[in-house]
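Engineer: Enclosed is the structure file target31.cif (mmCIF, C-alpha atoms).
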```cif
data_work
#
loop_
_atom_site.group_PDB
_atom_site.id
_atom_site.type_symbol
_atom_site.label_atom_id
_atom_site.label_comp_id
_atom_site.auth_asym_id
_atom_site.auth_seq_id
_atom_site.Cartn_x
_atom_site.Cartn_y
_atom_site.Cartn_z
ATOM 1 C CA MET A 30 -15.427 -11.989 38.687
ATOM 2 C CA VAL A 31 -16.865 -8.586 37.819
ATOM 3 C CA LYS A 32 -19.492 -8.940 35.125
ATOM 4 C CA HIS A 33 -19.943 -6.334 32.428
ATOM 5 C CA ARG A 34 -23.351 -5.045 31.450
ATOM 6 C CA PRO A 35 -24.650 -4.995 27.880
ATOM 7 C CA PRO A 36 -25.080 -1.661 26.077
ATOM 8 C CA TYR A 37 -28.400 0.077 25.635
ATOM 9 C CA GLY A 38 -27.467 0.869 22.051
ATOM 10 C CA ARG A 39 -24.796 2.347 19.844
ATOM 11 C CA GLY A 40 -25.016 5.676 18.102
ATOM 12 C CA SER A 41 -23.144 6.887 15.052
ATOM 13 C CA VAL A 42 -20.810 9.868 14.891
ATOM 14 C CA THR A 43 -19.775 12.021 12.008
ATOM 15 C CA ALA A 44 -16.233 11.837 10.677
ATOM 16 C CA ALA A 45 -15.418 15.201 12.242
ATOM 17 C CA ALA A 46 -16.763 14.116 15.614
ATOM 18 C CA ALA A 47 -14.797 10.879 15.417
ATOM 19 C CA LEU A 48 -11.587 12.812 14.795
ATOM 20 C CA LEU A 49 -12.325 15.037 17.787
ATOM 21 C CA LEU A 50 -12.928 12.009 20.004
ATOM 22 C CA LEU A 51 -9.560 10.539 19.027
ATOM 23 C CA SER A 52 -7.786 13.605 20.362
ATOM 24 C CA LEU A 53 -9.433 13.336 23.786
ATOM 25 C CA PRO A 54 -8.744 11.009 26.727
ATOM 26 C CA CYS A 55 -10.518 7.665 26.538
ATOM 27 C CA LEU A 56 -14.252 7.990 26.983
ATOM 28 C CA ALA A 57 -16.255 5.511 29.005
ATOM 29 C CA GLY A 58 -18.163 3.015 26.893
ATOM 30 C CA SER A 59 -21.269 1.154 27.942
ATOM 31 C CA VAL A 60 -19.230 -1.708 29.446
ATOM 32 C CA THR A 61 -18.114 -1.220 33.024
ATOM 33 C CA ALA A 62 -14.383 -1.668 33.589
ATOM 34 C CA ILE A 63 -12.595 -2.626 36.795
ATOM 35 C CA PRO A 64 -10.982 0.537 38.274
ATOM 36 C CA VAL A 65 -7.894 -1.174 39.697
ATOM 37 C CA LEU A 66 -7.133 -2.755 36.329
ATOM 38 C CA GLU A 67 -7.628 0.578 34.579
ATOM 39 C CA SER A 68 -5.123 2.046 37.016
ATOM 40 C CA GLY A 69 -2.620 -0.671 36.136
ATOM 41 C CA TYR A 70 -3.013 -0.028 32.413
ATOM 42 C CA ARG A 71 -2.468 3.694 32.939
ATOM 43 C CA GLN A 72 0.730 2.875 34.812
ATOM 44 C CA MET A 73 1.785 0.618 31.944
ATOM 45 C CA TYR A 74 1.127 3.302 29.319
ATOM 46 C CA ASN A 75 3.159 5.689 31.484
ATOM 47 C CA LEU A 76 6.059 3.182 31.322
ATOM 48 C CA GLN A 77 5.737 2.557 35.070
ATOM 49 C CA PHE A 78 6.063 -1.169 34.613
ATOM 50 C CA ASP A 79 7.077 -2.090 38.172
ATOM 51 C CA GLU A 80 4.041 -0.249 39.515
ATOM 52 C CA ALA A 81 1.786 -1.898 36.926
ATOM 53 C CA HIS A 82 3.056 -5.357 37.904
ATOM 54 C CA LYS A 83 2.310 -4.590 41.563
ATOM 55 C CA THR A 84 -1.213 -3.407 40.696
ATOM 56 C CA PHE A 85 -2.005 -6.434 38.558
ATOM 57 C CA ALA A 86 -0.416 -8.862 41.036
ATOM 58 C CA ALA A 87 -2.539 -7.428 43.842
ATOM 59 C CA PHE A 88 -5.653 -7.967 41.721
ATOM 60 C CA GLU A 89 -4.538 -11.552 41.021
ATOM 61 C CA ARG A 90 -4.183 -12.260 44.735
ATOM 62 C CA GLU A 91 -7.648 -10.896 45.467
ATOM 63 C CA HIS A 92 -9.274 -12.602 42.462
ATOM 64 C CA PRO A 93 -7.270 -15.793 41.842
ATOM 65 C CA LYS A 94 -9.803 -17.279 39.411
ATOM 66 C CA ASP A 95 -10.178 -14.144 37.285
ATOM 67 C CA PRO A 96 -7.968 -14.308 34.160
ATOM 68 C CA MET A 97 -7.980 -10.537 33.650
ATOM 69 C CA GLY A 98 -5.385 -9.842 36.318
ATOM 70 C CA VAL A 99 -3.069 -12.508 34.923
ATOM 71 C CA VAL A 100 -3.387 -11.484 31.275
ATOM 72 C CA SER A 101 -2.929 -7.828 32.228
ATOM 73 C CA ASN A 102 0.300 -8.704 34.012
ATOM 74 C CA ALA A 103 1.419 -10.502 30.838
ATOM 75 C CA ALA A 104 0.667 -7.308 28.902
ATOM 76 C CA ALA A 105 2.930 -5.363 31.244
ATOM 77 C CA TYR A 106 5.791 -7.787 30.569
ATOM 78 C CA LEU A 107 5.261 -7.484 26.816
ATOM 79 C CA PHE A 108 5.074 -3.683 26.781
ATOM 80 C CA ALA A 109 8.179 -3.473 28.957
ATOM 81 C CA GLU A 110 10.041 -5.545 26.365
ATOM 82 C CA PHE A 111 8.605 -3.376 23.583
ATOM 83 C CA ASP A 112 9.957 -0.331 25.391
ATOM 84 C CA ARG A 113 13.373 -1.868 26.092
ATOM 85 C CA LEU A 114 13.751 -2.964 22.471
ATOM 86 C CA ASN A 115 12.305 0.273 21.012
ATOM 87 C CA ILE A 116 9.692 -1.685 19.078
ATOM 88 C CA LEU A 117 6.883 0.831 19.421
ATOM 89 C CA HIS A 118 8.727 3.676 17.723
ATOM 90 C CA SER A 119 6.489 4.438 14.803
ATOM 91 C CA GLU A 120 9.416 4.592 12.372
ATOM 92 C CA PHE A 121 9.430 0.782 12.432
ATOM 93 C CA PHE A 122 5.824 0.773 11.280
ATOM 94 C CA VAL A 123 5.974 3.752 8.941
ATOM 95 C CA GLU A 124 9.236 2.938 7.166
ATOM 96 C CA ASP A 125 8.944 -0.650 5.972
ATOM 97 C CA SER A 126 12.553 -0.792 4.774
ATOM 98 C CA MET A 127 13.797 0.288 8.198
ATOM 99 C CA PHE A 128 11.601 -2.318 9.874
ATOM 100 C CA ARG A 129 13.069 -5.053 7.665
ATOM 101 C CA ARG A 130 16.644 -3.888 8.307
ATOM 102 C CA ARG A 131 16.387 -3.620 12.067
ATOM 103 C CA PRO A 132 18.854 -5.806 13.989
ATOM 104 C CA LYS A 133 17.853 -9.147 15.450
ATOM 105 C CA LEU A 134 16.044 -8.788 18.744
ATOM 106 C CA THR A 135 16.472 -10.960 21.799
ATOM 107 C CA ALA A 136 13.894 -11.002 24.561
ATOM 108 C CA ASP A 137 15.108 -10.862 28.129
ATOM 109 C CA PRO A 138 15.016 -14.518 29.314
ATOM 110 C CA ALA A 139 13.419 -13.658 32.667
ATOM 111 C CA ALA A 140 10.775 -11.470 31.002
ATOM 112 C CA ARG A 141 9.992 -14.183 28.441
ATOM 113 C CA LYS A 142 9.620 -16.800 31.163
ATOM 114 C CA ALA A 143 7.329 -14.591 33.233
ATOM 115 C CA PHE A 144 5.308 -13.603 30.152
ATOM 116 C CA ASP A 145 4.862 -17.223 29.063
ATOM 117 C CA ALA A 146 3.820 -18.289 32.559
ATOM 118 C CA GLU A 147 1.221 -15.534 32.923
ATOM 119 C CA LEU A 148 -0.134 -16.166 29.438
ATOM 120 C CA ALA A 149 -0.498 -19.910 30.031
ATOM 121 C CA LYS A 150 -2.276 -19.252 33.320
ATOM 122 C CA ALA A 151 -4.611 -16.701 31.713
ATOM 123 C CA LEU A 152 -5.620 -19.165 28.991
ATOM 124 C CA GLN A 153 -6.109 -21.933 31.548
ATOM 125 C CA LEU A 154 -8.354 -19.739 33.716
ATOM 126 C CA SER A 155 -10.382 -18.363 30.806
ATOM 127 C CA ASP A 156 -10.857 -21.807 29.245
ATOM 128 C CA ALA A 157 -12.025 -23.188 32.603
ATOM 129 C CA ILE A 158 -14.691 -20.488 32.822
ATOM 130 C CA LEU A 159 -15.732 -20.904 29.182
ATOM 131 C CA ALA A 160 -16.092 -24.661 29.637
ATOM 132 C CA GLN A 161 -18.891 -23.921 32.109
ATOM 133 C CA ALA A 162 -20.190 -20.671 30.574
ATOM 134 C CA PRO A 163 -19.299 -20.392 26.858
ATOM 135 C CA ARG A 164 -20.834 -16.903 26.592
ATOM 136 C CA ASP A 165 -18.961 -15.383 29.536
ATOM 137 C CA ALA A 166 -17.874 -12.010 28.106
ATOM 138 C CA ASP A 167 -15.008 -11.371 30.525
ATOM 139 C CA ALA A 168 -13.469 -14.799 29.984
ATOM 140 C CA LEU A 169 -13.780 -14.387 26.210
ATOM 141 C CA PHE A 170 -12.039 -11.019 26.411
ATOM 142 C CA ALA A 171 -9.230 -12.426 28.559
ATOM 143 C CA LYS A 172 -8.704 -15.100 25.901
ATOM 144 C CA ILE A 173 -8.705 -12.473 23.140
ATOM 145 C CA MET A 174 -6.068 -10.546 25.078
ATOM 146 C CA ALA A 175 -3.903 -13.613 25.669
ATOM 147 C CA LEU A 176 -3.958 -14.619 22.006
ATOM 148 C CA GLY A 177 -3.279 -11.068 20.868
ATOM 149 C CA LEU A 178 -0.319 -10.699 23.216
ATOM 150 C CA ARG A 179 1.092 -14.013 22.008
ATOM 151 C CA ALA A 180 0.756 -12.907 18.370
ATOM 152 C CA ASP A 181 2.518 -9.607 19.146
ATOM 153 C CA PHE A 182 5.412 -11.340 20.915
ATOM 154 C CA VAL A 183 5.910 -13.901 18.156
ATOM 155 C CA ALA A 184 5.684 -11.324 15.346
ATOM 156 C CA LEU A 185 7.442 -8.276 16.757
ATOM 157 C CA ILE A 186 10.107 -9.806 19.000
ATOM 158 C CA ASP A 187 10.703 -13.300 17.605
ATOM 159 C CA ARG A 188 9.849 -12.160 14.051
ATOM 160 C CA HIS A 189 8.112 -15.424 13.224
ATOM 161 C CA TYR A 190 5.454 -13.703 11.159
ATOM 162 C CA LEU A 191 3.734 -16.748 9.697
ATOM 163 C CA ASP A 192 3.462 -18.357 13.136
ATOM 164 C CA SER A 193 1.857 -15.189 14.470
ATOM 165 C CA LEU A 194 -0.844 -15.119 11.787
ATOM 166 C CA ASN A 195 -2.765 -18.136 13.066
ATOM 167 C CA VAL A 196 -2.717 -16.755 16.602
ATOM 168 C CA MET A 197 -3.859 -13.348 15.329
ATOM 169 C CA LYS A 198 -6.738 -14.969 13.423
ATOM 170 C CA SER A 199 -7.803 -16.868 16.545
ATOM 171 C CA SER A 200 -7.792 -13.645 18.556
ATOM 172 C CA ARG A 201 -9.877 -11.853 15.923
ATOM 173 C CA ALA A 202 -12.334 -14.761 15.589
ATOM 174 C CA THR A 203 -12.809 -14.873 19.377
ATOM 175 C CA ALA A 204 -13.350 -11.103 19.361
ATOM 176 C CA GLU A 205 -16.062 -11.455 16.734
ATOM 177 C CA GLN A 206 -17.674 -14.170 18.878
ATOM 178 C CA LEU A 207 -17.650 -11.857 21.904
ATOM 179 C CA LEU A 208 -18.943 -8.849 19.963
ATOM 180 C CA ALA A 209 -21.828 -10.905 18.595
ATOM 181 C CA ILE A 210 -22.820 -11.504 22.221
ATOM 182 C CA GLU A 211 -21.998 -8.066 23.586
ATOM 183 C CA PRO A 212 -21.314 -5.354 20.980
ATOM 184 C CA GLY A 213 -20.551 -2.802 23.679
ATOM 185 C CA TYR A 214 -17.339 -4.555 24.723
ATOM 186 C CA TYR A 215 -15.317 -1.895 22.918
ATOM 187 C CA ASP A 216 -11.843 -3.118 23.893
ATOM 188 C CA ALA A 217 -12.521 -6.273 21.858
ATOM 189 C CA TYR A 218 -12.752 -4.280 18.617
ATOM 190 C CA LEU A 219 -8.973 -3.821 18.782
ATOM 191 C CA ALA A 220 -8.343 -7.442 17.772
ATOM 192 C CA VAL A 221 -10.521 -7.038 14.687
ATOM 193 C CA GLY A 222 -8.944 -3.695 13.866
ATOM 194 C CA VAL A 223 -5.340 -4.820 14.243
ATOM 195 C CA GLU A 224 -5.667 -7.820 11.932
ATOM 196 C CA ASN A 225 -7.559 -5.959 9.231
ATOM 197 C CA TYR A 226 -5.414 -2.836 9.252
ATOM 198 C CA LEU A 227 -1.959 -4.382 9.576
ATOM 199 C CA LEU A 228 -2.597 -7.096 6.998
ATOM 200 C CA SER A 229 -4.155 -4.562 4.604
ATOM 201 C CA LEU A 230 -0.703 -2.988 4.317
ATOM 202 C CA LYS A 231 0.685 -6.077 2.605
ATOM 203 C CA ALA A 232 1.102 -6.297 -1.170
ATOM 204 C CA ALA A 233 -1.913 -7.526 -3.166
ATOM 205 C CA PRO A 234 -0.580 -11.077 -3.816
ATOM 206 C CA ILE A 235 0.187 -11.515 -0.116
ATOM 207 C CA ARG A 236 -3.259 -10.203 0.848
ATOM 208 C CA TRP A 237 -4.853 -12.702 -1.541
ATOM 209 C CA PHE A 238 -2.872 -15.529 0.050
ATOM 210 C CA LEU A 239 -3.813 -14.366 3.551
ATOM 211 C CA GLU A 240 -7.490 -14.095 2.657
ATOM 212 C CA MET A 241 -7.463 -17.567 1.136
ATOM 213 C CA ASN A 242 -6.218 -18.805 4.503
ATOM 214 C CA GLY A 243 -8.958 -17.090 6.491
ATOM 215 C CA ALA A 244 -7.312 -13.786 7.404
ATOM 216 C CA GLU A 245 -9.099 -10.439 7.114
ATOM 217 C CA THR A 246 -7.393 -7.554 5.286
ATOM 218 C CA ASP A 247 -10.027 -4.801 5.019
ATOM 219 C CA ARG A 248 -8.213 -1.527 5.766
ATOM 220 C CA GLU A 249 -11.322 0.578 6.290
ATOM 221 C CA ARG A 250 -12.840 -2.017 8.617
ATOM 222 C CA GLY A 251 -9.565 -2.076 10.507
ATOM 223 C CA ILE A 252 -9.547 1.697 11.003
ATOM 224 C CA GLN A 253 -13.216 1.744 12.022
ATOM 225 C CA ASN A 254 -12.630 -0.902 14.675
ATOM 226 C CA LEU A 255 -9.510 0.809 15.995
ATOM 227 C CA ARG A 256 -11.554 4.002 16.324
ATOM 228 C CA LEU A 257 -14.211 2.214 18.373
ATOM 229 C CA THR A 258 -11.589 1.045 20.868
ATOM 230 C CA ALA A 259 -9.870 4.452 20.839
ATOM 231 C CA GLU A 260 -13.125 6.298 21.478
ATOM 232 C CA LYS A 261 -14.938 3.983 23.893
ATOM 233 C CA GLY A 262 -12.527 1.338 25.152
ATOM 234 C CA HIS A 263 -11.113 1.146 28.650
ATOM 235 C CA TYR A 264 -7.931 -0.890 28.955
ATOM 236 C CA LEU A 265 -6.735 -0.711 25.330
ATOM 237 C CA CYS A 266 -7.911 2.718 24.215
ATOM 238 C CA ALA A 267 -4.483 4.375 24.506
ATOM 239 C CA TYR A 268 -2.878 1.612 22.448
ATOM 240 C CA ALA A 269 -5.605 1.967 19.814
ATOM 241 C CA ARG A 270 -4.966 5.709 19.659
ATOM 242 C CA LEU A 271 -1.255 5.084 19.109
ATOM 243 C CA LEU A 272 -2.046 2.722 16.236
ATOM 244 C CA LEU A 273 -4.320 5.363 14.729
ATOM 245 C CA ALA A 274 -1.475 7.870 14.936
ATOM 246 C CA VAL A 275 0.700 5.385 13.051
ATOM 247 C CA ALA A 276 -2.088 4.954 10.485
ATOM 248 C CA ALA A 277 -2.292 8.727 10.069
ATOM 249 C CA LEU A 278 1.466 8.922 9.500
ATOM 250 C CA ARG A 279 1.271 6.195 6.869
ATOM 251 C CA ASN A 280 -1.522 8.186 5.233
ATOM 252 C CA LYS A 281 0.706 11.313 5.239
ATOM 253 C CA ASP A 282 -1.732 13.043 7.590
ATOM 254 C CA LYS A 283 0.761 14.639 9.969
ATOM 255 C CA ALA A 284 -1.826 17.000 11.436
ATOM 256 C CA GLN A 285 -4.009 14.144 12.686
ATOM 257 C CA ALA A 286 -0.991 12.210 13.967
ATOM 258 C CA ARG A 287 0.268 15.308 15.782
ATOM 259 C CA ASP A 288 -3.136 15.892 17.341
ATOM 260 C CA ILE A 289 -3.412 12.327 18.651
ATOM 261 C CA LEU A 290 0.176 12.182 19.923
ATOM 262 C CA SER A 291 -0.035 15.552 21.667
ATOM 263 C CA LYS A 292 -3.059 14.376 23.667
ATOM 264 C CA LEU A 293 -1.347 11.076 24.510
ATOM 265 C CA ALA A 294 1.781 12.928 25.636
ATOM 266 C CA ALA A 295 -0.289 15.169 27.889
ATOM 267 C CA GLU A 296 -2.230 12.238 29.335
ATOM 268 C CA PHE A 297 0.844 10.032 29.856
ATOM 269 C CA PRO A 298 3.720 12.456 30.548
ATOM 270 C CA ARG A 299 6.152 9.721 31.615
ATOM 271 C CA ASN A 300 5.890 7.963 28.250
ATOM 272 C CA ARG A 301 8.785 9.320 26.181
ATOM 273 C CA LEU A 302 7.531 7.524 23.067
ATOM 274 C CA TYR A 303 4.683 9.976 22.595
ATOM 275 C CA SER A 304 6.822 13.072 23.144
ATOM 276 C CA GLU A 305 9.662 11.765 20.961
ATOM 277 C CA GLU A 306 7.353 10.941 18.069
ATOM 278 C CA LEU A 307 5.604 14.272 18.509
ATOM 279 C CA ALA A 308 8.954 16.067 18.359
ATOM 280 C CA ARG A 309 9.711 14.326 15.068
ATOM 281 C CA LEU A 310 6.567 15.880 13.611
ATOM 282 C CA GLN A 311 7.224 19.450 14.729
#
```
Here is the file; what I need is its structure written in the form of C-alpha cells.

Structural biologist:
Amino acid sequence: MVKHRPPYGRGSVTAAAALLLLSLPCLAGSVTAIPVLESGYRQMYNLQFDEAHKTFAAFEREHPKDPMGVVSNAAAYLFAEFDRLNILHSEFFVEDSMFRRRPKLTADPAARKAFDAELAKALQLSDAILAQAPRDADALFAKIMALGLRADFVALIDRHYLDSLNVMKSSRATAEQLLAIEPGYYDAYLAVGVENYLLSLKAAPIRWFLEMNGAETDRERGIQNLRLTAEKGHYLCAYARLLLAVAALRNKDKAQARDILSKLAAEFPRNRLYSEELARLQ
C-alpha cells in the first residue's frame, strides 16, 4: 500500500487568493496521491464511467489488499447513478422546493449490487488494516470514503435522510481522527465540510436537534473545509469545487459560481453537468 507523507506545514491564504485557487485546476497538496487512482477519478469526473471502472479494477488486481481501489470503484458506481438520475444538477440543491418535489428515484439493481459489494469489501479491507495499525492514514481515508459514499446513496437516492445522518457523522468523526494524525490529508476535509455545510442549511429547530445528537452544523467551518479539499485535495477536489459552486449559487454569488463552473467545464469537457449549469448562469 502506498503510504502518504506528512506535511511540512500549512500556510494561510487571503480570501482573494482562496477565490483564485478555486478557479484553477486542483493543486497538489503535501500528501502524495497514487497517479493511477487520480487518473480514474478524472475519468469519473469526465463521466467516463466504464473507463474509470477499468482503471480502478486494474489497481484492485495489482493491490488486492489496498481498500482504495475498491472504494474508488464504488465511487464510480455511485457517480454513474447520480448522473443517470440527474441528482447532481444544482437546481436540486439550490431550489429546496424542487428537491422535495422530485419524483421517486430507483437505483439500477445491478449498480446497487455492485456498489454494495465494493463498499463492503472496502470496509473489510480498511478495518483489517486498522486492526493492526490504528493510525494508518490510507486505511482511515478509505473508511471515510466508504462511509461518505454510503451516506450519499442512502440520502440522495433512497431518500432515507435520518438513516444517512449517522453514517455521515461516522465519516466526519473518522475524518477528524485522520486529520489529527495527518493534517495534510486534504481530501479528508471534504467529510467535515459536507456535514457542516449541508446541515447548516436546515432550519434552526432542526439544527438544534441535529447538534443535540452529535452532528456538526457550522456553515463557515463547512465552507472552509470544502475550500481546503478544493484547493489542495487530489481525488475529491473536483467534487469539492462543485459543492462550492452550489454554495455560491445559494449565496446569490453568480459570478463566483460561474468562475468555478467555467474552469471545471474546461478541465472536464465531457462532463455536461458543468457546461449545462454554466449555460444556466449566462

Engineer: Pick out the closest residue to His189 (chain A) from this set: A:Leu302, A:Ala284, A:Leu271, A:Leu134. Count all atoms listed in the file.

Structural biologist: A:Leu134

Engineer: On this structure, which residues satisfy the PyMOL selection byres ((chain A and resi 199) around 12), written as a PyMOL selection string?

Structural biologist: chain A and resi 169+172-180+192-198+200-206+220-221+224+243-245

Engineer: On this file, the PyMOL selection byres ((chain A and resi 149-156) around 6) gives some set of residues; write that set as a ChimeraX atom specification.

Structural biologist: /A:96,99-100,146-148,157-160,168,172

Engineer: Can you tell me, as a VMD selection string, what residues are no more than 8 Å from Glu67 (chain A) when counting all atoms listed in the file, ignoring any on the same chain fewer than 4 positions away?

Structural biologist: chain A and resid 62 to 63 71 263 to 264

Engineer: Using CA of Phe144 (chain A) and CA of Leu191 (chain A) as the two end points, give the distance in Å to one decimal.

Structural biologist: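 If I compute the distance from CA of Phe144 (chain A) to CA of Leu191 (chain A), I get 20.8 Å.
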
Engineer: Which residue, A:Asp187, A:Glu260, A:Glu249, A:Asp181, has the smallest gap to Gly213 (chain A) when you use only C-alpha atoms?

Structural biologist: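 Using only C-alpha atoms, Gly213 (chain A) sits closest to A:Glu260.
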
Engineer: Go ahead and find all residues with at least one atom no further than 6 Å from (-10.2, -6.6, 22.4) in the file's coordinates, using only C-alpha atoms; report them as a list in words.

Structural biologist: Asp216, Ala217, Tyr218, Leu219 and Ala220 of chain A

Engineer: Starting from the shown file, work through the PyMOL selection byres ((chain A and resi 266-269) around 9) and note down what comes out as a list in words.

Structural biologist: Pro54, Cys55, Leu56, Arg71, Tyr74, Tyr215, Asp216, Leu219, Gly222, Val223, Leu255, Arg256, Leu257, Thr258, Ala259, Glu260, Lys261, Gly262, His263, Tyr264, Leu265, Arg270, Leu271, Leu272, Leu273, Ala274 and Leu293 of chain A

Engineer: Please determine, counting all atoms listed in the file, which residue among A:Tyr214, A:Phe78, A:Tyr190, A:Tyr303 has the shortest atom-to-atom distance to Leu107 (chain A).

Structural biologist: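 Of all the options, A:Phe78 lies closest to Leu107 (chain A).
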
Engineer: Using only C-alpha atoms, which residues sit within 8 Å of Ala86 (chain A) once same-chain residues fewer than 4 positions away are excluded, as a ChimeraX atom specification?

Structural biologist: /A:82,90,98-99,102

Engineer: Work out how far CA of Asp145 (chain A) is from CA of Val65 (chain A), in Å to one decimal.

Structural biologist: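 Pair CA of Val65 (chain A) / CA of Asp145 (chain A) returns 23.1 Å.
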
Engineer: What's the separation between CA of Leu114 (chain A) and CA of Lys292 (chain A), in Å to one decimal place?

Structural biologist: 24.2 Å

Engineer: For Lys283 (chain A), please output as a PyMOL selection string all residues within 12 Å (counting all atoms listed in the file; exclusion window: fewer than 4 positions along the same chain).

Structural biologist: chain A and resi 273-279+287-291+306-311
